Each structure stands twice: as C-alpha cells, then as structure tokens.
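K.L.:
Supplied in structure tokens, the structure appears directly below.
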Amino acid sequence: MRNGTEAVRLAIIGGGVAGLSSAYYLLQQARIGDRPLHIDIYERKSTLGGNADTVVVDLGNYVDGKGLPHPYVRWADLGVNDVNLATYVKLKAIMEQIGYLEHMKPLQDTTSYFNRSGSLALTDDEALRDGVTNPVFNLADADGGRLAPLISVVHRAALNLLSTITPVYTVAHFFNACVATPGPMLGKAAAQLKIEIDWDDPQLSERVAKVRDDIYYPRIAAMYFTDERGPGVLPLQSPFQYYQLQEGAGAQAQNPDRRYFDHGAQKWLEALSDWLKQQSNEQVSIAIHTDAHMRVQVQRGRVALLGQTIAPADYDFCVLSTHADDTVELLNFDGDMEQWGMKIRAVLTQVTYTRSYAVCHTYTGQLPRNRDIWRTYNVLQRETGDKSFPYRMSYVENLHQNDPLNPQYSRFGLPLFLISLVKSLDEIPAETMLDRVNSTQRVDPAMLAALPRATQRQLHGEALHTGYRGSHDVAHPKLAHKAWTMFKHNVLNAECIAAQEQMAGYNKATGAEIAAGMRPDCALLFGGGWTLGAGLQEQCLQQSELIAGWILPALRGTPIPATRPDQAECATAA
Ligand SMILES: Cc1cc2nc3c(=O)[nH]c(=O)nc-3n(C[C@H](O)[C@H](O)[C@H](O)COP(=O)(O)OP(=O)(O)OC[C@H]3O[C@@H](n4cnc5c(N)ncnc54)[C@H](O)[C@@H]3O)c2cc1C
C-alpha cells in the first residue's frame with residue numbers, strides 16, 4: 001500500500017452499467033483533500049455497454065407521395081431495452097446530471113397474453129395513451145370486469161408478503177394458496193385497494209387460477225431470470241421485486257413511466273463513459289480500456305492484473321463488475337490466499353446461468369393469431385402438453401419505439417419488425433431474420449449520427465467484438481450476418497439469492513475493514529447485475545453506490561496499515 005498522497009489505485013473489471021457506474025459514484029463522492037484515486041476500467045469487448053447491443057436493420061423501401069422510394073432502415077436493442085423512470089431514481093438522477101434524460105422516450109406499455117390455439121387472447125391496454133383497444137379482448141372487460149381487479153388484488157397480496165417471506169417461499173406456494181383459500185390470502189390486499197370481491201362466489205378459485213395460469217405464469221416465465229423449470233419454483237420475491245421496480249409506480253408517481261433508449265441503450269452507456277472521461281481530474285483520474293480481457297491475480301492485500309494486450313499492473317483494490325461465471329474464470333489466488341479463493345468460488349458457483357437468443361425478424365408466427373391483439377409485449381402461454389418452459393416473449397419494435405408518437409414513422413403500412421427472446425435460433429425461420437446492416441450506404445446521415453458509436457463503427461465496416469454472441473457465430477455460420485445475439489442470464493432461484501446475501505456479507509465486511517483503516521487481505525469487491533435482485537440497471541446502480549461507499553474511506557487520512565497474516569479470515573464465513 002502506498003503512503004502519503006500517492007494515489008490509491010483501483011481496477012474495475014467490466015465496462016457494463018455496473019462497472020461504469022462504480023467509477024461514477026467514486027468520482028461523485030471523492031472529496032478534495034482526500035488521497036487521489038486512479039481508476040482503470042477494463043472491458044474485454046471492443047465496445048462499452050455490457051449487454052446493451054444496438055443493431056441496425058434494413059426493412060426495404062417506403063414510397064413517398066411523389067412515388068419516390070426511400071430506404072426504410074431502423075435500429076433495435078437486442079439486450080437491455082427499457083427502464084421505468086418512476087422507480088429508477090438513481091438512473092434518472094445520473095441521466096439528468098450528464099444531460100442524457102431527453103433521450104429517454106415513452107414506450108407504448110401494452111401487453112398481449114395469448115396461446116397458439118387462440119383460446120387465450122387478452123390485451124392489457126391500461127397504459128395505452130394513444131391507440132385503439134378492442135373490448136372483446138381487453139383485460140379490463142374480461143369475465144364481466146371481474147378479472148382485472150382480481151389481478152390487482154393478487155399483485156398487492158404478493159407485494160405485501162415481500163418483507164416477511166424467505167426464498168424458500170415460491171411462486172407456486174403463493175398462487176396455489178391463493179387458489180385454495182382466496183379469502184384469507186387476498187382479503188387484506190382487497191381492503192387496502194378498496195376493491196370489492198365476492199368471497200362467496202363459487203367461481204372465485206377458478207378465476208384466481210386463471211390469473212395464475214393465463215397472466216402471471218406466462219409473464220414470469222417470459223422473464224430473463226427464469227429457467228426451463230418454469231416460474232413455480234422461483235422464490236416469490238424474484239418476480240415481484242422485479243415488477244415493483246420495472247413496472248411499478250414510484251412514491252409520487254401515479255403511473256409507471258416506462259421509457260426506451262432513443263437510438264439504443266448502448267448510447268447511454270457511451271454517454272456515461274464520455275462524462276467520466278471529461279470529469280476525470282487530479283483527484284479522481286479515470287482511464288477506460290477496451291479489448292482488454294483481464295485476469296486477476298489476488299495477492300495478500302493487493303491484486304495484480306494481467307491481460308494479453310495490456311501491460312501487467314498492480315492495484316490496491318479491484319471491483320469485479322462481471323457476471324459470477326466470468327468472475328470465477330478470471331480470478332486466481334496466490335497460494336497463501338487460496339483459503340479466500342475457495343470461499344469466494346463457493347459463493348460464485350452457486351449462481352447458475354441459462355442462455356437464450358434475442359432475434360430481430362419479421363416472422364409473425366411468434367405473435368397472436370389475431371393481428372388486432374398484437375401489442376408491444378406479446379407473452380405466449382404454454383399449451384397443455386408442452387414439455388418445457390420457458391414461455392416466449394416477442395416485442396413489436398414499432399410499438400416499443402412508439403411509432404404512433406413519432407412523426408417520422410407514423411405512416412400507414414410500414415412493415416412491423418420484431419424482437420423475440422427464444423431458446424433456440426431454430427424457432428425463427430432464417431429467411432425472416434433481418435440482416436445486421438454493415439454499411440452506411442442506406443442509412444440516413446441524421447440517423448447515423450444519432451446511433452451509438454459502437455453501432456456506427458460496425459456500419460463503417462469495422463469487425464468489432466461486441467455482445468455475448470462471440471463464438472456462437474462459429475456454431476451458426478450461415479446466420480453470422482443476421483441481427484441476433486446470445487444473452488446469458490443468472491437464474492434468480494433460491495441459490496442465487498443465497499449467493500447474493502453471502503456476497504453482500506463479504507463486501508460489507510471488507511468495507512468495514514477499510515473503514516477501520518485496515519488493509520483487507522482480500523482486496524476485492526463484487527458488483528454487477530448478479531449481486532442484487534434481478535440485476536436491473538437501477539439495481540446495478542444501487543450496488544455500485546454501495547461499492548463506492550466501501551472504497552472511499554481508503555482515500556481518507558493516513559495510509560492503511562496491513563493486517564497481519566494471522567488476522568486473515570475470510571469474511572464470507574461470517
Ligand atoms: C436479455 C436481458 C435484457 C435485460 N433488459 C433489461 C432492461 O430492459 N432494463 C433493465 O433495467 N435491465 C435489464 N436487464 C438487466 C440488466 O440490464 C443487466 O443485468 C445489466 O446490464 C448487467 O450489467 P453488468 O454491468 O452487471 O453486466 P454486463 O452488462 O454484462 O457487463 C459485464 C461486462 O464485463 C465484461 N467482462 C467479463 N469478463 C471480463 C474480463 N475477464 N475482462 C474484462 N471484461 C470482462 C463483459 O464483456 C461485459 O461487457 C436485462 C438483462 C438481460 C439478460
């Protein structure tokens with residue numbers, strides 16, 4: 001550890017929202033008079049943004065009033081694609097500060113629940129602000145108007161339980177109890193919402209089962225944190241904490257305020273990294289390195305970083321803003337630190353991952369049979385006889401990007417384009433997959449200038465290492481030019497929640513050592529989406545702010561004395 005006013009050196013691994021925002025909070029909170037801080041952010045891909053992946057697709061030509069053809073070229077987000085500004089308070093504050101908020105546009109927040117046979121066809125148009133809703137399919141009118149209030153009551157009842165349940169209480173426990181004993185399970189929530197329910201109605205249990213089978217199970221199964229076993233086995237807290245943040249209303253707001261990232265989510269993270277570089281100063285200097293696939297050698301009280309394209313360097317601390325499985329791969333522990341290695345790996349390997357694909361296409365087989373009920377989010381219900389989960393979700397991109405409010409696209413007859421989240425690329429016919437445009441020829445200059453730099457570089461023909469697609473191109477050589485990506489996601493099961501809690505305990509104990517003026521033996525802190533809830537961008541920011549708070553005391557006052565080797569004890573054991 002360095003003395004006096006020599007800078008504290010921090011490495012952050014991962015250039016997604018978690019890594020960039022850790023640097024942001026440190027920059028925000030470091031005080032004049034503290035020891036200076038030097039931060040190096042390392043990202044293995046050629047571009048920043050983590051699982052944000054913005055592509056451009058070509059949908060043909062539209063013909064104007066004079067009969068002249070114009071290219072109809074659109075952009076789409078294959079990864080992170082929307083946020084709820086009513087509840088993402090940290091994200092909103094950062095965007096305001098860096099001047100990005102104006103790029104967050106209101107999406108059309110509508111959902112369709114359907115099955116292939118057509119026996120389920122319901123639309124949730126409650127948040128529709130400009131459009132037509134058909135009473136035949138409108139959830140608000142279903143079952144004589146009795147289904148929608150029941151959904152609100154079930155939702156509130158689940159949220160009420162969140163502060164008292166543990167991860168062993170599953171989605172199935174909750175819904176099955178609601179079906180078996182609706183009154184005791186739902187009575188309090190109904191009273192809170194002032195919704196009248198006829199508890200003696202002989203159809204009530206059947207109706208609650210419909211809420212479970214037609215609405216919640218398909219919805220939860222369509223989420224990126226479920227695995228093939230389906231929603232029933234998930235802890236109840238996993239989907240409902242997610243709903244609170246992603247789809248809920250904030251303390252002041254009456255409605256959720258769901259927004260998409262205009263011209264792509266990657267652009268916001270590029271804006272954040274630009275801001276970090278601009279604000280970098282003598283107190284907190286920040287350098288960002290891409291194409292930097294790093295390994296971390298953990299030594300007692302310090303770390304050494306090694307990368308093929310980067311000169312080895314030593315750091316006082318290292319923040320891992322990478323997925324748990326990548327973190328296992330990149331960490332190595334010196335012999336005398338192996339006790340820590342074993343304990344940290346034991347936590348990280350409790351987190352399991354599944355892999356899916358996001359595909360941009362024009363295939364309508366993933367949508368309801370009835371075109372009238374195509375909505376922004378289209379959630380496919382499992383059919384009797386289907387053997388595996390998850391269900392499927394398709395977005396109509398034109399609605400997600402809210403074409404009806406966008407004069408440029410508000411034209412009759414423009415073709416729809418879709419994003420589907422699927423388990424296998426075979427689920428979408430190859431001929432309907434759209435090509436990733438890799439030339440600027442047909443792209444309007446104004447649109448080109450507004451796209452993320454990473455997307456612009458691809459349009460200029462640069463072959464970049466982006467997204468998680470990587471080696472999967474080799475497995476699908478014929479689809480290499482198509483607009484799809486592979487995404488992996490941690491399953492939000494009880495084991496993952498246990499790992500999150502253990503890692504929170506480790507981080508806190510390390511932070512306490514730093515706050516006590518000690519040098520922690522294991523100079524690692526763990527951030528990233530997997531460490532908190534469903535890893536929504538807001539949760540990544542919450543975790544990053546905590547991490548900054550744990551590191552900051554290292555900048556204060558006198559140099560940090562090293563602990564004696566015999567004091568070494570892995571905090572994860574606590
Ligand atoms: C399909 C999908 C859709 C989602 N949609 C939304 C959404 O709409 N809204 C929302 O709020 N949240 C959404 N989420 C959740 C949230 O966006 C992600 O969890 C979040 O992006 C995670 O950020 P991160 O920085 O932890 O990880 P990532 O964004 O994955 O970044 C980690 C980075 O670490 C890098 N890395 C890994 N190993 C190394 C190494 N050895 N050296 C250097 N770099 C390395 C990776 O290349 C990657 O860039 C979504 C998640 C998924 C999976």
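The way I read the labels, and the way they are meant: chains A, B, ... in the order of the structure tokens, residue 1 as the first residue of every chain, and ligand 1 as the first ligand shown, with later ones counted on from there.
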Which residues sit within 7 Å of ligand 1, counting only C-alpha atoms and all ligand atoms, listed as a ChimeraX atom specification?

P.N.:
/A:13-19,42-45,48-52,79-83,224,292-295,321-323,326-327,330,487-489,527-530,534-538,540

K.L.:
Could the residues in this selection be written to a file with N, CA and C atoms, as a tab-separated table (two decimals), in the first residue's frame?

P.N.:
chain	number	residue	atom	x	y	z
A	13	ILE	N	-13.20	-4.32	-13.34
A	13	ILE	CA	-13.29	-5.24	-14.47
A	13	ILE	C	-14.74	-5.26	-14.94
A	14	GLY	N	-14.96	-4.93	-16.22
A	14	GLY	CA	-16.30	-4.93	-16.79
A	14	GLY	C	-16.74	-3.52	-17.15
A	15	GLY	N	-17.06	-3.32	-18.42
A	15	GLY	CA	-17.47	-2.00	-18.91
A	15	GLY	C	-18.95	-1.93	-19.20
A	16	GLY	N	-19.76	-2.69	-18.41
A	16	GLY	CA	-21.22	-2.56	-18.49
A	16	GLY	C	-21.68	-1.48	-17.53
A	17	VAL	N	-22.99	-1.43	-17.31
A	17	VAL	CA	-23.54	-0.38	-16.45
A	17	VAL	C	-22.95	-0.46	-15.04
A	18	ALA	N	-22.67	-1.68	-14.56
A	18	ALA	CA	-22.17	-1.82	-13.20
A	18	ALA	C	-20.76	-1.23	-13.07
A	19	GLY	N	-19.89	-1.57	-14.00
A	19	GLY	CA	-18.50	-1.08	-13.92
A	19	GLY	C	-18.43	0.43	-14.08
A	42	TYR	N	-11.54	-1.92	-17.21
A	42	TYR	CA	-11.13	-2.85	-18.27
A	42	TYR	C	-12.34	-3.59	-18.83
A	43	GLU	N	-12.49	-3.55	-20.13
A	43	GLU	CA	-13.60	-4.24	-20.80
A	43	GLU	C	-13.03	-5.14	-21.89
A	44	ARG	N	-13.44	-6.41	-21.87
A	44	ARG	CA	-12.84	-7.35	-22.83
A	44	ARG	C	-13.33	-7.13	-24.26
A	45	LYS	N	-14.53	-6.57	-24.42
A	45	LYS	CA	-15.05	-6.36	-25.77
A	45	LYS	C	-14.45	-5.08	-26.36
A	48	LEU	N	-18.11	-0.50	-25.18
A	48	LEU	CA	-18.62	-0.44	-23.80
A	48	LEU	C	-20.12	-0.70	-23.81
A	49	GLY	N	-20.65	-1.00	-22.63
A	49	GLY	CA	-22.11	-1.14	-22.54
A	49	GLY	C	-22.57	-2.50	-22.08
A	50	GLY	N	-21.66	-3.48	-21.98
A	50	GLY	CA	-22.05	-4.80	-21.48
A	50	GLY	C	-23.11	-5.42	-22.36
A	51	ASN	N	-24.24	-5.78	-21.75
A	51	ASN	CA	-25.23	-6.49	-22.56
A	51	ASN	C	-26.14	-5.54	-23.35
A	52	ALA	N	-25.83	-4.25	-23.37
A	52	ALA	CA	-26.53	-3.36	-24.31
A	52	ALA	C	-25.95	-3.62	-25.70
A	79	GLY	N	-30.37	-6.25	-26.40
A	79	GLY	CA	-30.19	-6.54	-24.96
A	79	GLY	C	-31.09	-5.62	-24.14
A	80	VAL	N	-30.51	-4.96	-23.15
A	80	VAL	CA	-31.26	-4.01	-22.32
A	80	VAL	C	-32.03	-3.08	-23.23
A	81	ASN	N	-33.33	-2.86	-22.94
A	81	ASN	CA	-34.07	-2.02	-23.88
A	81	ASN	C	-35.05	-1.04	-23.23
A	82	ASP	N	-35.35	-1.19	-21.94
A	82	ASP	CA	-36.21	-0.16	-21.36
A	82	ASP	C	-36.03	-0.05	-19.85
A	83	VAL	N	-36.51	1.06	-19.32
A	83	VAL	CA	-36.42	1.33	-17.88
A	83	VAL	C	-37.71	2.03	-17.45
A	224	TYR	N	-36.25	-12.87	-18.17
A	224	TYR	CA	-34.93	-13.42	-18.47
A	224	TYR	C	-34.29	-14.18	-17.31
A	292	ALA	N	-9.76	-5.50	-23.68
A	292	ALA	CA	-8.85	-5.81	-22.57
A	292	ALA	C	-9.43	-6.95	-21.74
A	293	HIS	N	-9.15	-8.16	-22.18
A	293	HIS	CA	-9.65	-9.34	-21.46
A	293	HIS	C	-8.67	-9.63	-20.32
A	294	MET	N	-9.11	-9.42	-19.09
A	294	MET	CA	-8.19	-9.42	-17.96
A	294	MET	C	-8.32	-10.68	-17.10
A	295	ARG	N	-7.21	-10.98	-16.44
A	295	ARG	CA	-7.20	-11.96	-15.35
A	295	ARG	C	-6.70	-11.25	-14.11
A	321	SER	N	-16.99	-6.20	-11.75
A	321	SER	CA	-18.32	-5.85	-12.27
A	321	SER	C	-18.62	-6.77	-13.44
A	322	THR	N	-18.49	-8.04	-13.18
A	322	THR	CA	-18.64	-9.08	-14.21
A	322	THR	C	-19.62	-10.12	-13.69
A	323	HIS	N	-20.18	-10.92	-14.59
A	323	HIS	CA	-21.08	-11.98	-14.16
A	323	HIS	C	-20.33	-12.98	-13.28
A	326	ASP	N	-18.18	-15.51	-15.18
A	326	ASP	CA	-16.95	-14.90	-15.72
A	326	ASP	C	-15.96	-14.61	-14.59
A	327	THR	N	-16.50	-14.23	-13.44
A	327	THR	CA	-15.64	-13.88	-12.31
A	327	THR	C	-14.86	-15.11	-11.84
A	330	LEU	N	-11.94	-15.56	-14.15
A	330	LEU	CA	-10.85	-14.58	-14.24
A	330	LEU	C	-10.04	-14.43	-12.95
A	487	PHE	N	-27.75	-14.08	-25.27
A	487	PHE	CA	-27.59	-13.45	-23.97
A	487	PHE	C	-27.70	-14.50	-22.89
A	488	LYS	N	-26.88	-14.29	-21.89
A	488	LYS	CA	-26.94	-15.22	-20.77
A	488	LYS	C	-27.54	-14.49	-19.58
A	489	HIS	N	-28.12	-15.23	-18.68
A	489	HIS	CA	-28.74	-14.59	-17.54
A	489	HIS	C	-28.68	-15.52	-16.34
A	527	GLY	N	-19.43	-6.42	-7.61
A	527	GLY	CA	-20.62	-5.71	-8.07
A	527	GLY	C	-21.21	-6.46	-9.25
A	528	GLY	N	-21.97	-5.74	-10.07
A	528	GLY	CA	-22.55	-6.38	-11.25
A	528	GLY	C	-23.97	-6.82	-10.99
A	529	GLY	N	-24.70	-6.99	-12.09
A	529	GLY	CA	-26.12	-7.29	-12.03
A	529	GLY	C	-26.47	-8.51	-11.20
A	530	TRP	N	-25.59	-9.50	-11.18
A	530	TRP	CA	-25.97	-10.74	-10.48
A	530	TRP	C	-26.02	-10.55	-8.97
A	534	ALA	N	-32.83	-8.72	-9.57
A	534	ALA	CA	-32.81	-9.20	-10.96
A	534	ALA	C	-31.74	-8.49	-11.78
A	535	GLY	N	-30.92	-7.66	-11.13
A	535	GLY	CA	-29.81	-7.00	-11.84
A	535	GLY	C	-30.29	-5.93	-12.80
A	536	LEU	N	-31.49	-5.40	-12.55
A	536	LEU	CA	-31.95	-4.30	-13.41
A	536	LEU	C	-30.95	-3.15	-13.31
A	537	GLN	N	-30.96	-2.28	-14.30
A	537	GLN	CA	-29.95	-1.21	-14.30
A	537	GLN	C	-29.98	-0.44	-12.98
A	538	GLU	N	-31.18	-0.18	-12.45
A	538	GLU	CA	-31.27	0.55	-11.19
A	538	GLU	C	-30.58	-0.23	-10.06
A	540	CYS	N	-28.12	-2.37	-10.44
A	540	CYS	CA	-26.67	-2.26	-10.67
A	540	CYS	C	-26.16	-0.95	-10.07

K.L.:
Give me, as a PyMOL selection string, the residues of segment 202-277 of chain A that a backbone DSSP run labels strand (DSSP E or B).

P.N.:
chain A and resi 235+258-261

K.L.:
Can you spit out the residues from that selection as a CSV table (one decimal), in the first residue's frame, using C-alpha atoms?

P.N.:
chain,number,residue,atom,x,y,z
A,235,PRO,CA,-38.8,-17.6,-4.9
A,258,ARG,CA,-41.6,3.3,-18.9
A,259,ARG,CA,-39.1,4.6,-21.5
A,260,TYR,CA,-36.9,3.2,-24.3
A,261,PHE,CA,-33.5,4.5,-25.1

K.L.:
Please identify all polymer residues within 8 Å of segment 343-353 of chain A, counting only C-alpha atoms, omitting same-chain residues fewer than 4 positions from it, and present them as a compact mmCIF listing (two decimals) with C-alpha atoms, in the first residue's frame.

P.N.:
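Generated file (around-v7.txt):
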# COMPACT_ATOMS: atom_id res chain seq x y z
CA ALA A 324 -20.47 -14.60 -11.49
CA ASP A 325 -19.42 -17.27 -14.02
CA THR A 327 -15.64 -13.88 -12.31
CA VAL A 328 -14.84 -17.50 -11.43
CA GLN A 339 -8.42 -20.13 1.52
CA LYS A 488 -26.94 -15.22 -20.77
CA HIS A 489 -28.74 -14.59 -17.54
CA ASN A 490 -28.41 -15.75 -13.99
CA VAL A 491 -31.38 -17.75 -12.77
CA GLU A 495 -29.36 -20.49 -4.51
CA CYS A 496 -28.70 -17.26 -6.38
CA ALA A 499 -25.16 -16.20 -3.05
CA GLN A 502 -23.31 -14.10 1.17
CA MET A 503 -21.55 -11.74 -1.22
CA CYS A 570 -12.44 -14.93 5.10
CA THR A 572 -17.66 -14.91 3.70
CA ALA A 573 -17.50 -17.36 6.60

K.L.:
Can you pull out every residue within 7 Å of segment 133-146 of chain A, counting only C-alpha atoms, but drop anything in the same chain fewer than 2 positions away, and send it as a tab-separated table (two decimals) with N, CA and C atoms, in the first residue's frame?

P.N.:
chain	number	residue	atom	x	y	z
A	121	ALA	N	-56.70	-14.88	-25.41
A	121	ALA	CA	-56.44	-13.68	-26.21
A	121	ALA	C	-56.88	-12.47	-25.40
A	122	LEU	N	-55.96	-11.95	-24.59
A	122	LEU	CA	-56.28	-10.81	-23.72
A	122	LEU	C	-55.24	-9.72	-23.92
A	123	THR	N	-55.70	-8.49	-23.90
A	123	THR	CA	-54.74	-7.38	-24.00
A	123	THR	C	-54.81	-6.53	-22.75
A	124	ASP	N	-53.64	-6.16	-22.25
A	124	ASP	CA	-53.57	-5.22	-21.14
A	124	ASP	C	-53.23	-3.86	-21.74
A	125	ASP	N	-54.27	-3.03	-21.89
A	125	ASP	CA	-54.10	-1.73	-22.55
A	125	ASP	C	-54.24	-0.58	-21.55
A	131	GLY	N	-54.20	5.12	-29.02
A	131	GLY	CA	-54.42	3.92	-29.82
A	131	GLY	C	-55.81	3.38	-29.59
A	148	ALA	N	-59.74	-8.21	-13.97
A	148	ALA	CA	-58.72	-7.16	-13.79
A	148	ALA	C	-58.56	-6.74	-12.32
A	149	PRO	N	-59.70	-6.47	-11.59
A	149	PRO	CA	-59.50	-6.12	-10.18
A	149	PRO	C	-58.86	-7.24	-9.37
A	150	LEU	N	-59.19	-8.47	-9.75
A	150	LEU	CA	-58.60	-9.61	-9.03
A	150	LEU	C	-57.08	-9.65	-9.25

K.L.:
When distances are computed from only C-alpha atoms, which of A:Leu147, A:Gly183, A:Pro477, A:Arg355 shows the smallest separation from Arg207 of chain A?

P.N.:
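Of all the options, A:Leu147 lies closest to Arg207 of chain A.
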
K.L.:
Would you return as a PyMOL selection string the members of segment 196-283 of chain A that DSSP assigns to alpha helix (DSSP H) on this structure's backbone?

P.N.:
chain A and resi 204-210+217-221+237-246+265-279

K.L.:
Just to be explicit: take each residue in the selection above, keep C-alpha atoms, and write the result as an mmCIF file, in the first residue's frame.

P.N.:
data_model
loop_
_atom_site.group_PDB
_atom_site.id
_atom_site.type_symbol
_atom_site.label_atom_id
_atom_site.label_comp_id
_atom_site.auth_asym_id
_atom_site.auth_seq_id
_atom_site.Cartn_x
_atom_site.Cartn_y
_atom_site.Cartn_z
ATOM 1 C CA LEU A 204 -63.623 -17.369 -7.360
ATOM 2 C CA SER A 205 -60.985 -20.099 -7.039
ATOM 3 C CA GLU A 206 -61.281 -20.859 -10.725
ATOM 4 C CA ARG A 207 -60.844 -17.179 -11.504
ATOM 5 C CA VAL A 208 -57.743 -16.953 -9.307
ATOM 6 C CA ALA A 209 -56.370 -19.992 -11.129
ATOM 7 C CA LYS A 210 -56.929 -18.115 -14.389
ATOM 8 C CA TYR A 217 -47.126 -17.784 -15.034
ATOM 9 C CA PRO A 218 -46.670 -16.747 -18.683
ATOM 10 C CA ARG A 219 -45.439 -13.304 -17.600
ATOM 11 C CA ILE A 220 -42.924 -14.612 -15.099
ATOM 12 C CA ALA A 221 -41.743 -17.379 -17.391
ATOM 13 C CA GLN A 237 -39.612 -12.352 -4.219
ATOM 14 C CA SER A 238 -37.732 -12.773 -7.528
ATOM 15 C CA PRO A 239 -40.508 -11.732 -9.931
ATOM 16 C CA PHE A 240 -42.334 -9.404 -7.569
ATOM 17 C CA GLN A 241 -39.314 -7.311 -6.623
ATOM 18 C CA TYR A 242 -38.632 -7.112 -10.346
ATOM 19 C CA TYR A 243 -42.212 -5.966 -11.039
ATOM 20 C CA GLN A 244 -42.027 -3.339 -8.323
ATOM 21 C CA LEU A 245 -39.040 -1.741 -9.976
ATOM 22 C CA GLN A 246 -39.538 -2.383 -13.678
ATOM 23 C CA ALA A 265 -29.250 1.618 -24.922
ATOM 24 C CA GLN A 266 -25.573 1.442 -25.786
ATOM 25 C CA LYS A 267 -25.650 5.175 -26.414
ATOM 26 C CA TRP A 268 -26.481 5.952 -22.794
ATOM 27 C CA LEU A 269 -23.545 3.942 -21.525
ATOM 28 C CA GLU A 270 -21.259 5.596 -24.043
ATOM 29 C CA ALA A 271 -22.541 8.955 -22.774
ATOM 30 C CA LEU A 272 -21.758 7.906 -19.209
ATOM 31 C CA SER A 273 -18.232 6.825 -20.169
ATOM 32 C CA ASP A 274 -17.680 10.107 -22.057
ATOM 33 C CA TRP A 275 -18.803 12.022 -18.997
ATOM 34 C CA LEU A 276 -16.446 10.022 -16.787
ATOM 35 C CA LYS A 277 -13.541 10.832 -19.063
ATOM 36 C CA GLN A 278 -14.464 14.527 -19.168
ATOM 37 C CA GLN A 279 -14.754 14.746 -15.384
#

K.L.:
Of the candidates A:Glu126, A:Asp444, A:Asp213, A:Asp198, which one gets nearest to Phe175 of chain A if we count only C-alpha atoms?

P.N.:
A:Asp213

K.L.:
For Ser280 of chain A, which of A:Leu541, A:Ala358, A:Val319, A:Ile39 is the closest residue, counting only C-alpha atoms?

P.N.:
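Smallest separation from Ser280 of chain A among the options: A:Ile39.
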